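query33.txt (compact mmCIF, C-alpha atoms)
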# COMPACT_ATOMS: atom_id res chain seq x y z
CA MET A 1 107.36 99.93 102.13
CA PHE A 2 105.81 103.28 101.18
CA ARG A 3 102.59 101.54 100.05
CA ILE A 4 102.30 99.69 103.37
CA ALA A 5 102.91 102.87 105.37
CA LYS A 6 100.37 104.77 103.27
CA ARG A 7 97.77 102.03 103.76
CA LEU A 8 98.33 101.92 107.53
CA ILE A 9 98.10 105.71 107.82
CA LEU A 10 94.86 105.64 105.83
CA PHE A 11 93.55 102.81 108.02
CA PHE A 12 94.23 104.66 111.28
CA ALA A 13 92.82 107.90 109.84
CA VAL A 14 89.61 106.14 108.81
CA ASN A 15 89.31 104.47 112.22
CA LEU A 16 89.85 107.78 114.01
CA LEU A 17 87.21 109.43 111.83
CA ILE A 18 84.74 106.62 112.55
CA ILE A 19 85.38 106.77 116.29
CA LEU A 20 84.96 110.56 116.36
CA THR A 21 81.78 110.35 114.26
CA LEU A 22 80.28 107.64 116.48
CA SER A 23 81.20 109.56 119.65
CA PHE A 24 79.70 112.79 118.33
CA THR A 25 76.51 111.08 117.11
CA LEU A 26 75.96 109.14 120.35
CA ASN A 27 76.52 112.32 122.38
CA ILE A 28 74.01 114.26 120.28
CA LEU A 29 71.43 111.47 120.67
CA GLY A 30 72.04 111.30 124.40
CA VAL A 31 73.15 107.67 124.26
CA ARG A 32 76.63 108.12 125.68
CA PRO A 33 75.48 110.07 128.79
CA TYR A 34 72.81 107.37 129.24
CA LEU A 35 75.46 104.64 129.20
CA ASP A 36 77.78 106.59 131.50
CA ALA A 37 74.93 107.02 134.01
CA ARG A 38 74.42 103.24 134.04
CA GLY A 39 78.08 102.45 134.51
CA ILE A 40 78.78 101.19 130.98
CA ASN A 41 82.41 101.88 130.02
CA TYR A 42 81.95 103.33 126.55
CA SER A 43 85.66 103.47 125.66
CA SER A 44 86.36 99.91 126.80
CA LEU A 45 83.44 98.60 124.76
CA MET A 46 84.73 100.41 121.67
CA ILE A 47 88.25 99.00 122.12
CA PHE A 48 86.86 95.50 122.74
CA CYS A 49 84.83 95.59 119.52
CA LEU A 50 87.74 96.98 117.50
CA VAL A 51 90.13 94.28 118.76
CA TRP A 52 87.68 91.44 118.11
CA GLY A 53 86.47 92.83 114.79
CA MET A 54 89.94 93.44 113.41
CA GLY A 55 91.33 90.27 115.00
CA GLY A 56 88.82 88.03 113.25
CA ALA A 57 89.46 89.66 109.88
CA PHE A 58 93.24 89.34 110.17
CA ILE A 59 93.11 85.72 111.34
CA SER A 60 91.05 84.98 108.23
CA LEU A 61 93.62 86.78 106.07
CA ALA A 62 96.56 84.97 107.70
CA LEU A 63 94.95 81.60 106.92
CA SER A 64 93.69 82.58 103.46
CA ARG A 65 96.22 80.58 101.41
CA ILE A 66 95.83 77.48 103.55
CA THR A 67 92.04 77.80 103.53
CA ALA A 68 91.92 78.24 99.74
CA LYS A 69 94.05 75.17 99.15
CA TRP A 70 91.95 73.09 101.50
CA MET A 71 88.43 74.27 100.61
CA MET A 72 88.95 74.64 96.86
CA GLY A 73 91.27 71.65 96.50
CA VAL A 74 94.01 73.79 94.95
CA SER A 75 97.12 71.90 93.88
CA VAL A 76 100.23 74.10 93.80
CA ILE A 77 102.18 73.66 90.57
CA ASP A 78 105.87 72.85 90.84
CA PRO A 79 107.74 75.63 88.96
CA ASN A 80 110.00 72.89 87.52
CA THR A 81 107.11 70.81 86.18
CA SER A 82 107.67 68.96 82.90
CA ASP A 83 104.08 69.61 81.78
CA SER A 84 104.37 72.30 79.09
CA ASP A 85 100.92 73.81 79.72
CA LEU A 86 101.41 74.06 83.48
CA SER A 87 104.93 75.39 82.98
CA TRP A 88 103.55 78.11 80.72
CA LEU A 89 100.98 78.99 83.39
CA VAL A 90 103.62 79.37 86.10
CA ASN A 91 106.02 81.28 83.86
CA THR A 92 103.26 83.66 82.76
CA VAL A 93 102.25 84.46 86.34
CA HIS A 94 105.89 85.03 87.31
CA LYS A 95 106.50 87.23 84.27
CA LEU A 96 103.47 89.37 85.15
CA ALA A 97 104.52 89.47 88.82
CA ARG A 98 107.97 90.78 87.89
CA SER A 99 106.39 93.42 85.67
CA ALA A 100 104.18 94.44 88.59
CA GLY A 101 107.25 94.88 90.79
CA LEU A 102 106.65 91.95 93.14
CA SER A 103 109.83 90.90 94.90
CA LYS A 104 108.67 87.35 95.59
CA MET A 105 106.82 85.22 93.07
CA PRO A 106 103.30 84.05 93.94
CA GLU A 107 102.48 80.38 94.22
CA VAL A 108 100.50 79.17 91.21
CA GLY A 109 97.82 76.54 91.60
CA ILE A 110 95.03 74.78 89.76
CA TYR A 111 91.81 73.23 91.04
CA ASP A 112 89.34 70.84 89.47
CA SER A 113 86.13 72.70 88.65
CA PRO A 114 84.11 73.28 85.46
CA GLU A 115 83.49 76.92 86.37
CA ILE A 116 85.52 79.54 84.53
CA ASN A 117 87.21 81.25 87.42
CA ALA A 118 90.47 82.44 88.94
CA PHE A 119 91.38 84.12 92.20
CA ALA A 120 94.30 85.58 94.12
CA THR A 121 94.71 85.33 97.86
CA GLY A 122 97.35 85.52 100.57
CA PRO A 123 98.22 87.56 103.66
CA THR A 124 100.83 89.77 101.93
CA ARG A 125 102.21 90.63 98.50
CA ASN A 126 105.13 88.29 99.20
CA ARG A 127 103.00 85.38 100.41
CA SER A 128 100.35 85.13 97.74
CA LEU A 129 98.63 82.50 95.64
CA VAL A 130 97.14 82.72 92.15
CA ALA A 131 94.80 79.82 91.36
CA VAL A 132 92.83 79.00 88.22
CA SER A 133 90.10 76.46 87.57
CA ALA A 134 90.40 73.61 85.08
CA GLY A 135 87.34 75.07 83.37
CA LEU A 136 89.15 78.32 82.69
CA LEU A 137 92.10 76.54 81.09
CA GLU A 138 89.77 74.45 78.93
CA ASN A 139 87.59 77.31 77.69
CA MET A 140 90.05 80.15 77.08
CA ASN A 141 92.96 80.62 74.75
CA LYS A 142 96.39 81.66 76.05
CA GLU A 143 95.91 85.37 75.38
CA GLN A 144 92.65 85.39 77.33
CA ILE A 145 94.20 83.38 80.16
CA GLU A 146 97.04 85.87 80.33
CA GLY A 147 94.49 88.67 80.69
CA VAL A 148 92.86 86.83 83.60
CA LEU A 149 96.22 86.17 85.26
CA ALA A 150 97.23 89.81 84.86
CA HIS A 151 94.00 90.86 86.61
CA GLU A 152 94.80 88.56 89.56
CA VAL A 153 98.43 89.71 89.76
CA ALA A 154 97.15 93.31 89.79
CA HIS A 155 95.05 92.44 92.85
CA ILE A 156 98.22 91.25 94.60
CA SER A 157 100.25 94.26 93.48
CA ASN A 158 97.53 96.66 94.66
CA GLY A 159 97.43 94.97 98.08
CA ASP A 160 93.73 94.31 97.69
CA MET A 161 93.65 91.35 100.09
CA VAL A 162 95.01 93.49 102.94
CA THR A 163 92.86 96.50 102.03
CA MET A 164 89.66 94.46 101.96
CA THR A 165 90.64 92.85 105.27
CA LEU A 166 91.09 96.27 106.89
CA LEU A 167 87.70 97.36 105.61
CA GLN A 168 86.03 94.16 106.76
CA GLY A 169 87.64 94.54 110.17
CA ILE A 170 86.30 98.08 110.52
CA ILE A 171 82.81 96.92 109.50
CA ASN A 172 82.99 94.02 111.98
CA ALA A 173 83.93 96.41 114.79
CA ILE A 174 81.14 98.87 113.96
CA VAL A 175 78.57 96.05 113.76
CA MET A 176 79.61 94.62 117.13
CA PHE A 177 79.66 98.05 118.78
CA LEU A 178 76.33 99.35 117.47
CA ALA A 179 74.55 96.02 118.07
CA ARG A 180 75.56 96.04 121.74
CA ILE A 181 74.75 99.71 122.27
CA ILE A 182 71.32 99.48 120.62
CA ALA A 183 70.48 96.20 122.37
CA TYR A 184 71.42 97.61 125.77
CA VAL A 185 69.34 100.76 125.29
CA VAL A 186 66.29 98.91 123.93
CA VAL A 187 66.26 96.14 126.54
CA SER A 188 67.02 98.47 129.45
CA ARG A 189 64.20 100.83 128.58
CA ARG A 190 61.80 97.93 128.08
CA ASN A 191 62.76 96.35 131.38
CA SER A 192 63.67 99.24 133.64
CA ASP A 193 63.68 97.04 136.77
CA ASP A 194 65.24 93.96 135.20
CA ASP A 195 68.44 94.00 133.16
CA SER A 196 67.41 90.73 131.44
CA PRO A 197 70.85 89.62 130.12
CA SER A 198 69.45 86.71 128.10
CA LEU A 199 67.08 89.01 126.22
CA ARG A 200 69.89 91.51 125.64
CA TYR A 201 72.13 88.79 124.19
CA PHE A 202 69.34 87.65 121.88
CA VAL A 203 68.63 91.20 120.65
CA THR A 204 72.39 91.74 120.15
CA PHE A 205 72.59 88.56 118.06
CA VAL A 206 69.66 89.62 115.84
CA LEU A 207 71.06 93.13 115.42
CA GLU A 208 74.48 91.78 114.46
CA ILE A 209 72.87 89.76 111.66
CA ILE A 210 70.91 92.77 110.37
CA LEU A 211 73.82 95.20 110.63
CA SER A 212 76.18 92.66 109.03
CA PHE A 213 73.95 92.58 105.95
CA LEU A 214 74.13 96.36 105.73
CA GLY A 215 77.89 96.16 106.18
CA MET A 216 78.10 93.66 103.34
CA ILE A 217 76.67 96.30 101.00
CA VAL A 218 79.51 98.68 101.91
CA VAL A 219 82.19 95.99 101.53
CA ALA A 220 80.73 94.84 98.19
CA ALA A 221 80.63 98.42 96.83
CA PHE A 222 84.30 98.93 97.67
CA SER A 223 85.15 95.53 96.20
CA ARG A 224 83.55 96.53 92.89
CA TYR A 225 85.76 99.62 92.83
CA ARG A 226 88.83 97.44 93.41
CA GLU A 227 87.78 95.19 90.52
CA TYR A 228 87.77 98.13 88.12
CA ARG A 229 91.22 99.04 89.40
CA ALA A 230 92.48 95.47 88.92
CA ASP A 231 91.11 95.48 85.35
CA ALA A 232 93.11 98.62 84.65
CA GLY A 233 96.19 97.08 86.25
CA GLY A 234 95.73 93.86 84.28
CA ALA A 235 95.44 95.84 81.06
CA SER A 236 98.69 97.64 81.87
CA LEU A 237 100.50 94.35 82.56
CA ALA A 238 99.19 92.13 79.77
CA GLY A 239 97.73 94.60 77.30
CA ARG A 240 94.26 96.08 77.07
CA GLU A 241 93.16 93.82 74.23
CA LYS A 242 93.96 90.66 76.19
CA MET A 243 92.04 91.95 79.18
CA ILE A 244 89.02 92.85 77.04
CA SER A 245 89.17 89.52 75.24
CA ALA A 246 89.17 87.65 78.56
CA LEU A 247 86.13 89.57 79.84
CA LYS A 248 84.27 89.05 76.56
CA ALA A 249 84.92 85.31 76.79
CA LEU A 250 83.49 85.33 80.31
CA LEU A 251 80.47 87.33 79.16
CA LYS A 252 79.81 84.90 76.32
CA THR A 253 79.90 82.00 78.77
CA VAL A 254 77.48 83.66 81.18
CA ARG A 255 75.04 84.54 78.40
CA TYR A 256 75.18 80.99 77.07
CA ALA A 257 74.41 79.63 80.54
CA ASP A 258 71.47 82.01 80.91
CA LEU A 259 70.04 81.18 77.46
CA THR A 260 70.25 77.43 78.01
CA GLY A 261 68.68 77.70 81.46
CA LYS A 262 71.76 76.34 83.19
CA GLU A 263 73.06 77.77 86.40
CA SER A 264 75.23 80.78 85.61
CA ILE A 265 78.90 79.96 85.70
CA ALA A 266 80.78 81.81 88.41
CA SER A 267 83.20 83.60 86.13
CA PHE A 268 85.24 85.88 88.37
CA LYS A 269 82.47 85.04 90.89
CA ILE A 270 79.82 86.75 88.73
CA SER A 271 76.45 85.36 87.84
CA GLY A 272 73.13 86.71 86.76
CA THR A 273 71.43 88.27 89.82
CA PRO A 274 68.33 90.36 90.54
CA LYS A 275 68.86 94.11 90.81
CA PHE A 276 68.59 94.17 94.60
CA MET A 277 71.12 91.36 94.98
CA LYS A 278 73.61 93.33 92.87
CA LEU A 279 74.12 95.50 95.95
CA PHE A 280 75.84 92.46 97.47
CA SER A 281 77.86 91.60 94.35
CA THR A 282 81.61 91.89 94.81
CA HIS A 283 82.14 92.29 91.05
CA PRO A 284 80.66 94.86 88.64
CA PRO A 285 78.70 93.65 85.57
CA LEU A 286 80.98 92.34 82.84
CA GLU A 287 79.46 94.74 80.31
CA GLU A 288 80.48 97.74 82.41
CA ARG A 289 84.00 96.40 82.91
CA ILE A 290 84.45 95.87 79.17
CA GLU A 291 83.06 99.33 78.40
CA ARG A 292 85.49 100.99 80.82
CA LEU A 293 88.46 99.20 79.28
CA GLU A 294 87.35 100.09 75.75
CA ARG A 295 87.11 103.75 76.82
CA GLY A 296 90.67 103.53 78.11
CA PHE A 297 89.71 103.06 81.78
Give the structure from the file, written as structure tokens.
Amino acid sequence: MFRIAKRLILFFAVNLLIILTLSFTLNILGVRPYLDARGINYSSLMIFCLVWGMGGAFISLALSRITAKWMMGVSVIDPNTSDSDLSWLVNTVHKLARSAGLSKMPEVGIYDSPEINAFATGPTRNRSLVAVSAGLLENMNKEQIEGVLAHEVAHISNGDMVTMTLLQGIINAIVMFLARIIAYVVVSRRNSDDDSPSLRYFVTFVLEIILSFLGMIVVAAFSRYREYRADAGGASLAGREKMISALKALLKTVRYADLTGKESIASFKISGTPKFMKLFSTHPPLEERIERLERGF
């Protein structure tokens, strides 16, 4: 309860800071008086963008488990399964979840894919899903798998799904707001006698695409920070050596794929990318993650 309250307080504080910063900046630049003079309700526009931006992000979060099962073909494992390997998988996730202080056990699923990957999703800590690929189970030993599972459970325990949703919602709102403000100013000044709604809508659409790309850089940077935190949490739950061993196994797989010219395997959604594209990567380089763990995070 305290974690949720703390996150909500932080969320509202960040939103208030953003609103105050935008208001101050637009006043200094003379944009807000310009809008007021033309009858544009600045406050209503800001509220509209915030509601739609946050609403879209939270709808996506609410449907995250259902979407993952459908799009990835995840089959939820029955906790009472007679398959010893699947039973071990479920029991390991539940053991880690109890150690992390989760009051309700996550669903555990598996999906058919050769990639070495795992993910956690769900709208809340008590309605979560941990899923692993068949490729991960085939290419890792049990200690390494436990390290991967601990990392995913740490994401759930840290509330990363909700935190990233809040951030994405804020970015969505800012993108919608700035795109409409800039489009209105540009089109109005270009066509002083003609409001030209169709042109304004087109400029807004283009600006939303451009600003969304810039927003992705911010979201990705914060995501990389959360990955480091989940590595540390995974090391605390399963043991640092298991976490390091799992990351080294992933690194070996990626290097093998690069050397053989095959498409890099999406281990933890990481693949070899050009330097510029790393700005959009949601995960830090494996080498850096291993180095941090070896230093004692």
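Residue nearest A:Ser60 within the list A:Ala97, A:Leu149, A:Leu166, A:Val108: A:Leu166 [criterion: smallest interatomic distance, all atoms listed in the file].
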* Have a look at atom CA of A:Glu143 and atom CA of A:His155 and let me know their distance in Å, one decimal. => 18.9 Å
* Using all atoms listed in the file, which residue out of A:Met54, A:Ala230, A:Ile170, A:Pro79 lies closest to A:Phe119? ->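 Selected residue with least distance to A:Phe119: A:Ala230.
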Test item: residues at most 7 Å from stretch 237-247 of chain A, all atoms listed in the file, excluding those fewer than 2 positions along its chain, as a PDB file with C-alpha atoms, keeping the file's coordinate frame:
ATOM      1  CA  LEU A  96     103.470  89.370  85.150  1.00  0.00           C
ATOM      2  CA  SER A  99     106.390  93.420  85.670  1.00  0.00           C
ATOM      3  CA  GLU A 143      95.910  85.370  75.380  1.00  0.00           C
ATOM      4  CA  GLN A 144      92.650  85.390  77.330  1.00  0.00           C
ATOM      5  CA  ILE A 145      94.200  83.380  80.160  1.00  0.00           C
ATOM      6  CA  GLU A 146      97.040  85.870  80.330  1.00  0.00           C
ATOM      7  CA  GLY A 147      94.490  88.670  80.690  1.00  0.00           C
ATOM      8  CA  VAL A 148      92.860  86.830  83.600  1.00  0.00           C
ATOM      9  CA  ALA A 150      97.230  89.810  84.860  1.00  0.00           C
ATOM     10  CA  GLY A 233      96.190  97.080  86.250  1.00  0.00           C
ATOM     11  CA  GLY A 234      95.730  93.860  84.280  1.00  0.00           C
ATOM     12  CA  ALA A 235      95.440  95.840  81.060  1.00  0.00           C
ATOM     13  CA  ALA A 249      84.920  85.310  76.790  1.00  0.00           C
ATOM     14  CA  LEU A 250      83.490  85.330  80.310  1.00  0.00           C
ATOM     15  CA  LEU A 251      80.470  87.330  79.160  1.00  0.00           C
ATOM     16  CA  LEU A 286      80.980  92.340  82.840  1.00  0.00           C
ATOM     17  CA  ILE A 290      84.450  95.870  79.170  1.00  0.00           C
ATOM     18  CA  LEU A 293      88.460  99.200  79.280  1.00  0.00           C
TER      19      LEU A 293
END
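Of the residues under consideration (A:Ile174, A:Leu86, A:Val187, A:Met216), A:Ile174 shows the shortest atom-to-atom contact distance to A:Leu45 when counting only C-alpha atoms.
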* Asked: To one decimal place, how far is atom CA of A:Pro123 from atom CA of A:Ser157 in Å?
  ->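 For atom CA of A:Pro123 relative to atom CA of A:Ser157, the distance reads 12.4 Å.
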* To do: Enter the distance from atom CA of A:Ala221 to atom CA of A:Thr282, in Å, rounded to one decimal.
  =>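 Computing the Euclidean distance for atom CA of A:Ala221 and atom CA of A:Thr282 yields 6.9 Å.
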* Using all atoms listed in the file: which of A:Ser84, A:Thr92, A:Ser212, A:Thr124 has the shortest distance to A:Met161 ->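 Checking each of A:Ser84, A:Thr92, A:Ser212, A:Thr124 against A:Met161, counting all atoms listed in the file, the winner is A:Thr124.
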* Tell me which of A:Gly53, A:Ser133, A:Thr121, A:Phe48 sits closest to A:Ser75, counting all atoms listed in the file. =>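 Counting all atoms listed in the file, the residue closest to A:Ser75 is A:Ser133.
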* Asked: Which residues, written as a list of chain:residue names, have at least one atom at most 10 Å from stretch 196-211 of chain A, with all atoms listed in the file counted and residues fewer than 4 positions away on the same chain left out?
  -> A:Ile171, A:Asn172, A:Ile174, A:Val175, A:Met176, A:Phe177, A:Leu178, A:Ala179, A:Arg180, A:Ile181, A:Ile182, A:Ala183, A:Tyr184, A:Val185, A:Val186, A:Val187, A:Ser188, A:Arg190, A:Asn191, A:Ser192, A:Gly215, A:Met216
* Expected residue set, 12 Å radius at (92.8, 96.6, 97.3), only C-alpha atoms, as a PyMOL selection string -> chain A and resi 3-4+7+120-121+124-125+152-168+219+222-230+233
Taking the structure in the block just given, could you write stretch 114-132 of chain A with N, CA and C atoms, as a CSV table (one decimal), in the first residue's frame?
chain,number,residue,atom,x,y,z
A,114,PRO,N,11.9,-20.0,-30.8
A,114,PRO,CA,13.3,-20.4,-30.6
A,114,PRO,C,14.2,-19.3,-29.9
A,115,GLU,N,13.7,-18.1,-29.8
A,115,GLU,CA,14.4,-17.0,-29.2
A,115,GLU,C,14.6,-17.3,-27.7
A,116,ILE,N,15.7,-16.8,-27.1
A,116,ILE,CA,15.9,-17.0,-25.7
A,116,ILE,C,15.4,-15.8,-25.0
A,117,ASN,N,14.2,-15.9,-24.4
A,117,ASN,CA,13.6,-14.7,-23.9
A,117,ASN,C,12.6,-15.0,-22.8
A,118,ALA,N,12.3,-14.0,-22.0
A,118,ALA,CA,11.3,-14.1,-20.9
A,118,ALA,C,10.8,-12.7,-20.7
A,119,PHE,N,9.6,-12.6,-20.2
A,119,PHE,CA,9.0,-11.3,-19.9
A,119,PHE,C,8.0,-11.4,-18.8
A,120,ALA,N,7.7,-10.3,-18.1
A,120,ALA,CA,6.7,-10.2,-17.1
A,120,ALA,C,5.8,-9.1,-17.5
A,121,THR,N,4.5,-9.3,-17.3
A,121,THR,CA,3.5,-8.3,-17.6
A,121,THR,C,2.3,-8.4,-16.7
A,122,GLY,N,1.4,-7.5,-16.8
A,122,GLY,CA,0.2,-7.5,-15.9
A,122,GLY,C,-0.1,-6.1,-15.4
A,123,PRO,N,-1.4,-5.8,-15.1
A,123,PRO,CA,-1.8,-4.5,-14.7
A,123,PRO,C,-1.4,-4.2,-13.2
A,124,THR,N,-1.2,-5.2,-12.4
A,124,THR,CA,-0.8,-4.9,-11.0
A,124,THR,C,0.1,-6.1,-10.5
A,125,ARG,N,0.7,-5.9,-9.3
A,125,ARG,CA,1.5,-6.9,-8.7
A,125,ARG,C,0.8,-8.2,-8.5
A,126,ASN,N,-0.5,-8.0,-8.2
A,126,ASN,CA,-1.4,-9.2,-7.9
A,126,ASN,C,-2.1,-9.8,-9.1
A,127,ARG,N,-1.9,-9.2,-10.3
A,127,ARG,CA,-2.5,-9.8,-11.5
A,127,ARG,C,-1.4,-9.8,-12.6
A,128,SER,N,-0.4,-10.6,-12.4
A,128,SER,CA,0.8,-10.6,-13.2
A,128,SER,C,1.0,-11.9,-13.9
A,129,LEU,N,1.8,-11.9,-14.9
A,129,LEU,CA,2.2,-13.1,-15.7
A,129,LEU,C,3.7,-13.1,-16.0
A,130,VAL,N,4.3,-14.2,-15.7
A,130,VAL,CA,5.7,-14.5,-16.1
A,130,VAL,C,5.7,-15.5,-17.2
A,131,ALA,N,6.3,-15.2,-18.3
A,131,ALA,CA,6.3,-16.1,-19.5
A,131,ALA,C,7.7,-16.3,-20.0
A,132,VAL,N,8.0,-17.5,-20.4
A,132,VAL,CA,9.3,-17.9,-20.9
A,132,VAL,C,9.1,-18.6,-22.2
